[in-house]
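Colleague: Just so it is clear, I am handing over start.txt, which has compact mmCIF, C-alpha atoms.
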# COMPACT_ATOMS: atom_id res chain seq x y z
CA MET U 299 13.52 16.52 -61.23
CA ARG U 300 13.65 19.95 -59.60
CA ASN U 301 10.34 19.25 -57.91
CA LEU U 302 12.17 16.70 -55.76
CA ILE U 303 13.52 19.62 -53.74
CA ALA U 304 10.16 19.49 -51.97
CA LEU U 305 11.05 16.31 -50.08
CA PRO U 306 14.15 17.48 -48.21
CA VAL U 307 12.66 20.91 -47.57
CA ILE U 308 9.41 19.54 -46.16
CA ILE U 309 11.19 16.88 -44.10
CA LEU U 310 13.55 19.52 -42.71
CA ALA U 311 10.63 21.80 -41.87
CA VAL U 312 8.79 19.04 -40.00
CA ILE U 313 11.96 18.04 -38.13
CA LEU U 314 12.56 21.66 -37.11
CA GLN U 315 8.91 21.93 -36.10
CA THR U 316 8.93 18.88 -33.81
CA ALA U 317 12.44 19.35 -32.42
CA ILE U 318 12.60 23.12 -31.88
CA VAL U 319 9.53 25.17 -32.80
CA SER U 320 7.13 22.97 -30.79
CA ARG U 321 9.15 23.66 -27.63
CA VAL U 322 8.88 27.45 -27.91
CA TYR U 323 5.63 28.40 -26.25
CA LEU U 324 3.72 31.64 -26.08
CA LEU U 325 1.09 30.85 -23.44
CA SER U 326 -0.02 27.48 -24.86
CA GLY U 327 0.45 28.43 -28.49
CA ILE U 328 3.27 27.38 -30.79
CA ALA U 329 4.21 28.41 -34.31
CA ASP U 330 3.46 26.21 -37.31
CA LEU U 331 6.61 26.30 -39.46
CA PRO U 332 5.31 23.94 -42.20
CA LEU U 333 2.20 26.11 -42.59
CA VAL U 334 4.19 29.34 -42.90
CA MET U 335 6.66 27.66 -45.26
CA LEU U 336 3.82 26.40 -47.43
CA ALA U 337 2.19 29.84 -47.52
CA ALA U 338 5.47 31.47 -48.56
CA TRP U 339 6.11 28.83 -51.24
CA ALA U 340 2.61 29.06 -52.70
CA LEU U 341 2.92 32.85 -52.99
CA GLN U 342 5.94 32.67 -55.28
CA GLU U 343 4.90 33.48 -58.85
CA GLU U 344 7.10 30.91 -60.55
CA VAL U 345 5.98 28.01 -58.32
CA GLU U 346 3.48 25.61 -59.86
CA THR U 347 3.77 22.70 -57.45
CA ALA U 348 2.26 24.24 -54.32
CA TRP U 349 -0.61 21.72 -54.23
CA HIS U 350 1.84 18.84 -54.28
CA TRP U 351 3.73 20.44 -51.43
CA ALA U 352 0.46 20.76 -49.49
CA VAL U 353 -0.29 17.04 -49.89
CA ALA U 354 3.24 16.00 -48.90
CA THR U 355 3.35 18.36 -45.91
CA GLY U 356 -0.12 17.34 -44.74
CA LEU U 357 0.69 13.64 -44.94
CA LEU U 358 4.02 14.03 -43.15
CA VAL U 359 2.61 16.20 -40.36
CA GLY U 360 -0.34 13.84 -40.07
CA PHE U 361 2.07 10.95 -39.69
CA VAL U 362 4.12 12.63 -36.97
CA SER U 363 1.23 14.23 -35.09
CA ALA U 364 -1.45 12.52 -33.09
CA LEU U 365 -3.97 14.81 -34.78
CA PRO U 366 -6.28 12.98 -37.20
CA LEU U 367 -4.77 13.06 -40.69
CA LEU U 368 -7.70 15.01 -42.10
CA ALA U 369 -6.97 18.18 -40.13
CA PRO U 370 -3.44 18.98 -41.37
CA VAL U 371 -4.16 17.89 -44.97
CA ILE U 372 -7.27 20.05 -45.32
CA GLY U 373 -5.60 22.90 -43.38
CA TYR U 374 -2.59 23.00 -45.70
CA PHE U 375 -4.84 22.75 -48.76
CA ALA U 376 -6.71 25.79 -47.45
CA VAL U 377 -3.44 27.69 -47.03
CA VAL U 378 -2.37 26.97 -50.61
CA GLY U 379 -5.85 27.84 -51.88
CA LEU U 380 -5.76 31.17 -50.07
CA ALA U 381 -2.29 31.88 -51.41
CA GLN U 382 -3.37 31.13 -54.97
CA ILE U 383 -6.35 33.46 -54.62
CA LEU U 384 -4.32 36.32 -53.12
CA GLN U 385 -1.32 35.89 -55.38
CA GLY U 386 -3.06 37.42 -58.38
CA ARG U 387 -4.80 40.15 -56.44
CA VAL U 388 -2.15 41.67 -54.23
CA TRP U 389 0.88 40.87 -56.39
CA GLN U 390 2.41 44.30 -55.81
CA ALA U 391 2.58 43.76 -52.05
CA PRO U 392 3.92 40.24 -51.49
CA LEU U 393 4.50 40.77 -47.78
CA LEU U 394 0.94 41.93 -47.30
CA ALA U 395 -0.22 38.79 -49.10
CA MET U 396 2.11 36.69 -46.94
CA PHE U 397 0.74 38.18 -43.73
CA SER U 398 -2.84 37.73 -44.94
CA VAL U 399 -2.32 34.10 -45.94
CA THR U 400 -0.47 33.33 -42.70
CA PHE U 401 -3.14 34.93 -40.56
CA LEU U 402 -6.14 33.39 -42.32
CA GLY U 403 -4.39 30.04 -42.80
CA SER U 404 -3.47 29.82 -39.12
CA VAL U 405 -7.02 30.60 -38.05
CA ILE U 406 -8.47 28.04 -40.48
CA ALA U 407 -5.98 25.36 -39.39
CA SER U 408 -6.81 26.06 -35.75
CA ILE U 409 -10.56 25.86 -36.38
CA LEU U 410 -10.09 22.58 -38.27
CA SER U 411 -8.02 21.05 -35.46
CA PHE U 412 -10.58 22.20 -32.92
CA ALA U 413 -13.47 20.75 -34.91
CA VAL U 414 -11.76 17.42 -35.57
CA LEU U 415 -10.80 16.96 -31.93
CA ARG U 416 -14.28 17.91 -30.72
CA LEU U 417 -15.74 15.34 -33.10
CA SER U 418 -13.28 12.80 -31.66
CA GLY U 419 -14.75 13.42 -28.22
CA VAL U 420 -12.00 15.59 -26.73
CA THR U 421 -13.25 18.28 -24.36
CA LEU U 422 -11.93 21.67 -25.49
CA PRO U 423 -13.26 24.90 -23.94
CA VAL U 424 -13.65 27.50 -26.71
CA GLY U 425 -12.43 30.37 -24.51
CA ASP U 426 -9.22 28.61 -23.56
CA VAL U 427 -8.57 27.54 -27.14
CA LEU U 428 -9.07 31.04 -28.50
CA GLY U 429 -7.26 32.95 -25.76
CA VAL U 430 -4.23 30.86 -24.88
CA LEU U 431 -3.78 28.75 -27.99
CA THR U 432 -5.09 30.14 -31.26
CA LEU U 433 -4.19 33.81 -30.89
CA PRO U 434 -0.64 33.20 -29.56
CA SER U 435 -0.09 30.65 -32.34
CA VAL U 436 -1.25 33.15 -34.96
CA LEU U 437 1.07 35.79 -33.49
CA LEU U 438 4.05 33.42 -33.58
CA ASN U 439 3.24 32.47 -37.17
CA MET U 440 3.14 36.15 -38.14
CA LEU U 441 6.57 36.62 -36.54
CA LEU U 442 7.92 33.74 -38.62
CA ALA U 443 6.31 35.02 -41.82
CA ILE U 444 8.98 37.51 -42.94
CA PRO U 445 12.12 35.35 -42.51
CA VAL U 446 10.43 32.28 -43.95
CA TYR U 447 9.16 34.30 -46.91
CA ALA U 448 12.69 35.53 -47.63
CA VAL U 449 14.11 32.01 -47.48
CA MET U 450 11.39 30.53 -49.68
CA ARG U 451 11.72 33.36 -52.22
CA ASP U 452 15.43 32.62 -52.55
CA LEU U 453 14.67 28.92 -52.83
CA ALA U 454 12.09 29.55 -55.54
CA ARG U 455 14.55 31.68 -57.54
CA TRP U 456 17.15 28.96 -57.20
CA VAL U 457 14.79 26.16 -58.25
CA TYR U 458 13.09 28.17 -61.02
CA PRO U 459 15.74 30.55 -62.38
CA SER U 460 14.26 33.33 -64.52
CA PRO U 461 15.30 33.33 -68.23
CA GLU U 462 18.01 35.78 -69.27
CA VAL U 463 16.66 39.13 -70.54
CA GLU U 464 18.53 40.51 -73.55
CA MET H 240 124.68 53.48 -25.65
CA ARG H 241 123.75 57.10 -25.24
CA ASN H 242 120.61 56.70 -27.36
CA LEU H 243 119.52 53.73 -25.28
CA PHE H 244 119.92 55.76 -22.08
CA SER H 245 117.97 58.67 -23.57
CA ARG H 246 114.93 56.44 -24.58
CA THR H 247 114.89 54.74 -21.20
CA LEU H 248 114.84 58.13 -19.50
CA GLN H 249 111.99 59.33 -21.71
CA THR H 250 109.94 56.22 -20.99
CA THR H 251 110.56 56.55 -17.29
CA ILE H 252 109.53 60.20 -17.32
CA ILE H 253 106.35 59.40 -19.25
CA PHE H 254 105.45 56.64 -16.83
CA LEU H 255 106.11 58.92 -13.91
CA ILE H 256 103.91 61.66 -15.39
CA VAL H 257 101.09 59.24 -16.18
CA GLY H 258 101.43 57.62 -12.78
CA GLY H 259 101.42 61.03 -11.14
CA VAL H 260 98.32 62.12 -13.04
CA MET H 261 96.59 58.88 -12.11
CA ALA H 262 97.61 59.24 -8.50
CA LEU H 263 96.27 62.77 -8.49
CA ALA H 264 93.04 61.65 -10.19
CA LEU H 265 92.55 58.79 -7.75
CA GLY H 266 93.30 61.17 -4.95
CA GLY H 267 90.38 63.33 -6.07
CA TYR H 268 92.38 66.31 -7.26
CA PHE H 269 90.90 66.14 -10.77
CA SER H 270 87.31 65.40 -9.70
CA SER H 271 85.67 68.36 -11.40
CA ALA H 272 87.56 67.76 -14.61
CA SER H 273 87.00 63.96 -14.49
CA ASN H 274 83.30 64.48 -13.75
CA VAL H 275 82.89 66.59 -16.85
CA PHE H 276 84.82 64.07 -18.90
CA THR H 277 83.09 60.93 -17.62
CA GLY H 278 79.71 62.66 -17.71
CA SER H 279 80.25 63.47 -21.36
CA LEU H 280 81.25 59.90 -22.05
CA ILE H 281 78.21 58.52 -20.23
CA ASN H 282 75.90 60.88 -22.09
CA LEU H 283 77.46 59.87 -25.35
CA GLN H 284 77.06 56.20 -24.51
CA ALA H 285 73.50 56.75 -23.39
CA TRP H 286 72.73 58.52 -26.66
CA PHE H 287 74.21 55.67 -28.67
CA SER H 288 72.49 53.10 -26.51
CA SER H 289 69.08 54.71 -26.81
CA ARG H 290 69.45 55.04 -30.57
CA PHE H 291 70.52 51.42 -30.82
CA VAL H 292 67.60 50.25 -28.75
CA ALA H 293 65.24 52.33 -30.87
CA VAL H 294 66.65 50.85 -34.05
CA GLN H 295 66.55 47.37 -32.54
CA ASP H 296 62.91 47.87 -31.53
CA PHE H 297 62.11 49.16 -34.98
CA ILE H 298 63.66 46.12 -36.56
CA THR H 299 62.47 43.44 -34.16
CA ALA H 300 59.07 44.81 -33.00
CA PRO H 301 57.04 43.79 -36.07
CA ARG H 302 58.34 40.28 -35.74
CA ASP H 303 57.34 40.23 -32.06
CA MET H 304 53.89 41.61 -32.87
CA ALA H 305 53.39 38.96 -35.48
CA SER H 306 54.48 36.24 -33.10
CA LEU H 307 52.27 37.70 -30.35
CA ARG H 308 49.32 37.85 -32.68
CA GLN H 309 49.94 34.27 -33.69
CA ARG H 310 50.21 33.27 -30.05
CA ASN H 311 47.05 35.20 -29.23
CA ILE H 312 45.16 33.38 -31.97
CA GLU H 313 46.42 30.05 -30.66
CA LEU H 314 45.41 30.92 -27.11
CA GLU H 315 41.99 32.11 -28.24
CA ALA H 316 41.51 28.85 -30.11
CA ASP H 317 42.60 26.91 -27.03
CA ASN H 318 40.25 28.97 -24.90
CA ALA H 319 37.31 28.36 -27.23
CA GLU H 320 38.08 24.65 -27.28
CA LEU H 321 38.26 24.52 -23.49
CA GLN H 322 35.01 26.44 -23.17
CA ALA H 323 33.34 23.99 -25.54
CA GLN H 324 34.72 21.13 -23.45
CA VAL H 325 33.37 22.77 -20.29
CA ILE H 326 29.91 23.10 -21.84
CA GLN H 327 30.06 19.51 -23.08
CA LEU H 328 31.14 18.24 -19.68
CA GLN H 329 28.45 20.26 -17.93
CA GLN H 330 25.90 18.73 -20.29
CA GLN H 331 27.29 15.26 -19.58
CA VAL H 332 27.15 15.94 -15.85
CA GLY H 333 23.51 16.97 -16.21
CA GLU H 334 22.69 13.84 -18.21
CA THR H 335 24.61 11.67 -15.74
CA GLU H 336 22.66 13.15 -12.84
CA ILE H 337 19.38 12.44 -14.63
CA LEU H 338 20.48 8.89 -15.48
CA ALA H 339 21.68 8.30 -11.91
CA ALA H 340 18.30 9.41 -10.59
CA LEU H 341 16.56 7.12 -13.08
CA VAL H 342 18.78 4.19 -12.09
CA ASP H 343 17.99 4.83 -8.40
CA PHE H 344 14.31 4.95 -9.29
CA SER H 345 14.44 1.65 -11.19
CA ARG H 346 16.43 -0.03 -8.39
CA ALA H 347 13.83 1.08 -5.87
CA ARG H 348 11.14 -0.71 -7.94
CA PRO H 349 12.63 -4.04 -8.96
CA GLU H 350 9.21 -5.42 -9.91
CA ASN H 351 9.26 -3.32 -13.10
CA THR H 352 11.64 -3.54 -16.04
CA TYR H 353 12.63 -0.14 -17.35
CA ARG H 354 14.22 0.99 -20.58
CA ALA H 355 15.44 4.55 -21.04
CA ALA H 356 14.73 6.74 -24.05
CA ALA H 357 15.57 10.31 -24.98
CA VAL H 358 12.92 12.88 -25.83
CA ILE H 359 13.59 14.12 -29.39
CA GLY H 360 10.51 16.15 -30.16
CA ARG H 361 6.99 17.27 -29.44
CA ASP H 362 3.75 17.03 -31.35
CA PRO H 363 3.56 19.75 -34.03
CA SER H 364 -0.02 20.61 -33.02
CA PRO H 365 -0.49 22.98 -30.06
CA PHE H 366 -3.80 21.26 -29.30
CA LEU H 367 -2.09 18.05 -28.24
CA HIS H 368 0.47 17.18 -25.57
CA TYR H 369 2.60 14.41 -26.95
CA ILE H 370 6.34 13.80 -26.99
CA ILE H 371 8.43 11.76 -29.41
CA ILE H 372 11.12 9.43 -28.03
CA ASN H 373 14.07 7.89 -29.84
CA ARG H 374 13.26 4.20 -29.29
CA GLY H 375 10.52 2.09 -30.73
CA SER H 376 9.47 -1.45 -31.53
CA ASN H 377 13.10 -2.46 -32.19
CA ASP H 378 13.65 -2.01 -28.45
CA GLY H 379 10.51 -3.88 -27.46
CA PHE H 380 8.27 -0.86 -26.98
CA LEU H 381 4.57 -1.50 -27.50
CA ARG H 382 1.51 0.71 -27.61
CA GLY H 383 0.10 1.32 -24.14
CA MET H 384 3.33 0.91 -22.17
CA PRO H 385 3.58 3.44 -19.30
CA VAL H 386 6.27 6.11 -19.38
CA VAL H 387 7.75 7.55 -16.19
CA THR H 388 10.67 9.56 -14.85
CA ASP H 389 12.29 9.29 -11.44
CA GLN H 390 9.75 11.89 -10.28
CA GLY H 391 6.56 10.23 -11.42
CA LEU H 392 4.17 9.34 -14.22
CA VAL H 393 4.67 10.97 -17.63
CA GLY H 394 2.13 9.20 -19.82
CA ARG H 395 1.92 6.17 -22.06
CA ILE H 396 3.00 5.14 -25.52
CA ASP H 397 0.39 6.01 -28.12
CA ALA H 398 2.07 4.97 -31.37
CA VAL H 399 5.24 3.08 -32.26
CA ILE H 400 7.46 2.75 -35.31
CA ALA H 401 10.71 0.81 -35.54
CA ALA H 402 13.03 3.44 -34.10
CA ALA H 403 10.73 5.93 -32.40
CA ALA H 404 7.54 6.18 -30.41
CA ARG H 405 4.95 8.84 -29.63
CA VAL H 406 3.95 9.25 -25.99
CA GLN H 407 0.68 10.78 -24.84
CA LEU H 408 1.36 12.92 -21.76
CA ILE H 409 -1.07 12.94 -18.86
CA THR H 410 -1.55 16.67 -19.57
CA ASP H 411 -3.07 15.95 -22.98
CA PRO H 412 -6.75 16.96 -23.24
CA ALA H 413 -7.65 13.42 -24.39
CA SER H 414 -5.76 11.75 -21.52
CA ASN H 415 -7.71 10.07 -18.75
CA VAL H 416 -5.96 8.30 -15.86
CA ASN H 417 -7.62 6.42 -13.03
CA VAL H 418 -6.05 7.62 -9.79
CA ARG H 419 -6.49 7.48 -6.04
CA LEU H 420 -5.89 10.03 -3.35
CA GLN H 421 -3.45 8.55 -0.87
CA ASN H 422 -4.80 10.20 2.28
CA ALA H 423 -8.49 10.15 1.45
CA GLU H 424 -8.37 6.59 0.08
CA VAL H 425 -10.75 7.54 -2.69
CA GLU H 426 -10.56 6.93 -6.41
CA ALA H 427 -11.04 9.54 -9.10
CA SER H 428 -10.28 10.38 -12.70
CA LEU H 429 -7.40 12.61 -13.80
CA VAL H 430 -7.89 14.57 -17.02
CA GLY H 431 -5.62 16.91 -18.95
CA SER H 432 -6.39 20.11 -20.83
CA VAL H 433 -5.17 22.25 -23.73
CA THR H 434 -3.38 24.55 -21.29
CA GLY H 435 -1.43 21.64 -19.77
CA ASP H 436 -3.22 21.79 -16.42
CA VAL H 437 -4.36 18.49 -14.91
CA THR H 438 -7.60 18.22 -13.00
CA LEU H 439 -9.04 15.56 -10.75
CA ASP H 440 -12.66 14.80 -11.56
CA LEU H 441 -15.38 12.43 -10.34
CA ILE H 442 -14.52 12.85 -6.66
CA PRO H 443 -17.60 12.09 -4.51
CA GLN H 444 -19.03 15.08 -2.65
CA ASP H 445 -18.78 13.41 0.75
CA VAL H 446 -15.04 12.93 0.56
CA ASN H 447 -12.83 15.36 2.45
CA ILE H 448 -9.89 16.40 0.27
CA GLU H 449 -7.06 18.48 1.65
CA ILE H 450 -4.52 20.59 -0.17
CA GLY H 451 -1.26 18.68 -0.41
CA ASP H 452 -2.86 15.24 -0.72
CA LEU H 453 -0.78 12.93 -2.86
CA VAL H 454 -2.28 11.57 -6.09
CA LEU H 455 -1.22 8.09 -7.28
CA THR H 456 -2.32 5.80 -10.09
CA SER H 457 -4.95 3.33 -8.92
CA GLY H 458 -4.31 0.65 -11.54
CA LEU H 459 -8.03 0.44 -12.30
CA GLY H 460 -8.85 -0.20 -15.94
CA GLY H 461 -5.48 -1.79 -16.57
CA GLY H 462 -4.06 1.20 -18.39
CA TYR H 463 -1.34 1.99 -15.84
CA PRO H 464 0.36 0.05 -13.04
CA PRO H 465 -0.76 1.09 -9.55
CA ASP H 466 1.03 3.46 -7.15
CA LEU H 467 2.89 5.65 -9.63
CA ILE H 468 3.14 9.19 -8.25
CA ILE H 469 1.39 11.88 -10.26
CA GLY H 470 1.27 15.00 -8.10
CA GLN H 471 -0.34 16.89 -5.25
CA VAL H 472 -3.68 18.59 -4.78
CA VAL H 473 -3.27 22.39 -4.91
CA ASN H 474 -6.87 23.52 -5.17
CA VAL H 475 -10.29 21.98 -4.45
CA ARG H 476 -13.55 23.11 -6.05
CA SER H 477 -16.66 21.84 -4.34
CA ARG H 478 -20.07 23.26 -5.21
CA ASP H 479 -23.33 22.06 -3.70
CA PHE H 480 -25.14 21.74 -7.02
CA ASP H 481 -22.38 19.61 -8.64
CA LEU H 482 -22.48 15.84 -8.55
CA PHE H 483 -18.74 15.58 -7.96
CA GLN H 484 -15.92 17.64 -6.57
CA GLN H 485 -12.98 18.75 -8.70
CA ALA H 486 -9.38 19.36 -7.71
CA THR H 487 -6.45 20.96 -9.49
CA ILE H 488 -3.26 18.90 -9.39
CA GLN H 489 0.33 20.10 -9.46
CA PRO H 490 2.20 17.34 -11.33
CA VAL H 491 5.55 16.27 -9.91
CA VAL H 492 7.00 15.95 -13.41
CA ASP H 493 8.12 19.10 -15.23
CA PHE H 494 6.65 18.37 -18.65
CA ASN H 495 8.37 21.36 -20.28
CA HIS H 496 11.86 20.03 -19.53
CA LEU H 497 11.62 16.32 -20.24
CA SER H 498 14.89 15.00 -21.65
CA ILE H 499 15.14 11.32 -20.68
CA VAL H 500 12.25 9.04 -19.74
CA LEU H 501 11.82 5.42 -18.68
CA VAL H 502 9.41 3.02 -20.35
CA ILE H 503 8.05 0.16 -18.24
CA VAL H 504 8.49 -2.63 -20.77
CA ASN H 505 7.14 -5.52 -18.70
CA PHE H 506 3.72 -3.94 -18.21
CA LYS H 507 0.96 -5.38 -20.38
CA PRO H 508 -1.90 -2.90 -20.68
CA VAL H 509 -5.38 -4.40 -20.56
CA ASP H 510 -7.71 -3.41 -23.37
CA ILE H 511 -11.18 -3.11 -21.82
CA THR H 512 -12.75 -1.57 -24.91
CA PRO H 513 -14.82 -4.72 -25.71
CA LEU H 514 -16.29 -4.52 -22.21
CA ASN H 515 -17.53 -0.96 -22.66
CA PRO H 516 -21.25 -0.78 -23.45
CA LEU H 517 -22.05 0.26 -27.00
CA PRO H 518 -23.57 3.73 -27.35
Rewrite the structure from the file as structure tokens, please.
Modeller:
Amino acid sequence: MRNLIALPVIILAVILQTAIVSRVYLLSGIADLPLVMLAAWALQEEVETAWHWAVATGLLVGFVSALPLLAPVIGYFAVVGLAQILQGRVWQAPLLAMFSVTFLGSVIASILSFAVLRLSGVTLPVGDVLGVLTLPSVLLNMLLAIPVYAVMRDLARWVYPSPEVE
Amino acid sequence: MRNLFSRTLQTTIIFLIVGGVMALALGGYFSSASNVFTGSLINLQAWFSSRFVAVQDFITAPRDMASLRQRNIELEADNAELQAQVIQLQQQVGETEILAALVDFSRARPENTYRAAAVIGRDPSPFLHYIIINRGSNDGFLRGMPVVTDQGLVGRIDAVIAAAARVQLITDPASNVNVRLQNAEVEASLVGSVTGDVTLDLIPQDVNIEIGDLVLTSGLGGGYPPDLIIGQVVNVRSRDFDLFQQATIQPVVDFNHLSIVLVIVNFKPVDITPLNPLP
């Protein structure tokens, strides 16, 4: 039953993304709150449902966005995969892992969106995409990383309380 | 009889003495002595008065402070409420001005039927320029319907659900609008970009374009009704080795501050996809 917490959290994240975060521009880049939230959730040790969250978030973002469904779903899967890989390796520095996953995940998601749109026939100059869109978006995601990580850590501890130590 | 006479005499003498002293005092003969006396009395009264006031202040001041604090809290609450009302009214004035402009716009074009909708979000992907509006198929919105403001063309509806719709802006990199230049009487194609800039493409080389020329929809292709204002030419790029000229357009609509838009609900877009040659 506690896994149902995913639904309101993901819906809230997508609402915040479309209503607020998407209106805050740095050049032409915007932050990706669902991506950062997913990265922070997947990095929590006690969480075992990160893949389910990735599917739900990808489907919901794909429904709201005009981007082909494939791009957000694969992008969020990549973020969770990266988080799972880094979680065991840099467990003593969770913030470093968070920054790494956010950075790499943002770049991968951007490359995927670029590739999917180019395949759809949309003209996208690589220089413009890299300079005014991808890099500012990555920077904004990195700025969101710390507060979102703190919130998701508290959420994870609330959903999966650790057993009492005697 | 003798005793009675004696008491009357004493009383008379006392009255005479008192009256004499008073007459002397009123005549100013005892001024130095009366000054010392009355001064002492006044000082004594002042001392008592000041002590009384101090005690009264000591007793009543905390009650006054409490009542003043209570009053201050009430006034602060009133002030906050009034400030909130001012902000709310300013917001309503802003919305009313926008709606009034939209009503004027729709009255000026009675051939179209408009329905207003509020902008509630933007596409989560930075690659795309779409907005989300708060009305959908329940209000008669269909895919392909043009979206405008009182200033000019915004875009067209790309997807619809019951209570919301997604609108593709003309600044979107996948957007393509057939337009005409009002002064040059030439047709061209308007395309968006990831940066939000809009560019005019496919302008023949022999056409003379001037900065400030007005760009309107041409109606070709059936995607948009004709003569909707889009913007003005701000820059022309013409190179001898290119097949066509290009021009940068300054849109009349501020796409970063869209709050209310109008959907032209009586426009039926024409789908010419079956007429396009297969690749």
Colleague: Extract, using only C-alpha atoms, all DNA, RNA and protein residues at most 8 Å from stretch 416-426 of chain U, discarding same-chain residues fewer than 3 positions from it, and format them as a ChimeraX atom specification.
Modeller: /U:412-413,429-431 /H:412-413,432-434
Colleague: Using only C-alpha atoms, select each residue of chain H with any atom at most 12 Å away from an atom of chain U, and give the selection as a PyMOL selection string.
Modeller: chain H and resi 358-373+396-400+403-408+411-415+430-436+494-498
Colleague: Excluding same-chain residues fewer than 3 positions from U:Gly379, what lies within 10 Å of it counting all atoms listed in the file, as number ranges by chain?
Modeller: U: 337, 340, 348-349, 352, 373-376, 382-385, 399, 403
Colleague: Could you put an axis-aligned box around every listed atom of stretch 461-479 of chain H, padded by 4 Å on each side, and send me its centre and edge lengths in Å to one decimal, as AutoDock Vina command-line options?
Modeller:
--center_x -10.1 --center_y 10.9 --center_z -11.0 --size_x 34.5 --size_y 33.3 --size_z 22.7
Colleague: If you count all atoms listed in the file, which residues fall within 12 Å of H:Asp479, apart from same-chain ones fewer than 5 positions away, as an mmCIF file with C-alpha atoms, keeping the file's coordinate frame?
Modeller:
data_model
loop_
_atom_site.group_PDB
_atom_site.id
_atom_site.type_symbol
_atom_site.label_atom_id
_atom_site.label_comp_id
_atom_site.auth_asym_id
_atom_site.auth_seq_id
_atom_site.Cartn_x
_atom_site.Cartn_y
_atom_site.Cartn_z
ATOM 1 C CA PRO H 443 -17.600 12.090 -4.510
ATOM 2 C CA GLN H 444 -19.030 15.080 -2.650
ATOM 3 C CA ASP H 445 -18.780 13.410 0.750
ATOM 4 C CA GLN H 484 -15.920 17.640 -6.570
ATOM 5 C CA GLN H 485 -12.980 18.750 -8.700
#
Colleague: One decimal, in Å: what's the spacing between atom CA of U:Leu393 and atom CA of U:Val334?
Modeller: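 Computing the Euclidean distance for atom CA of U:Leu393 and atom CA of U:Val334 yields 12.4 Å.
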Colleague: If we count all atoms listed in the file and set the cut-off at 9 Å, which residues sit around H:Arg395, ignoring sequence neighbours fewer than 2 positions away in its own chain? Please answer as a ChimeraX atom specification.
Modeller: /H:382-387,392-393,397,405-409,462-463,502
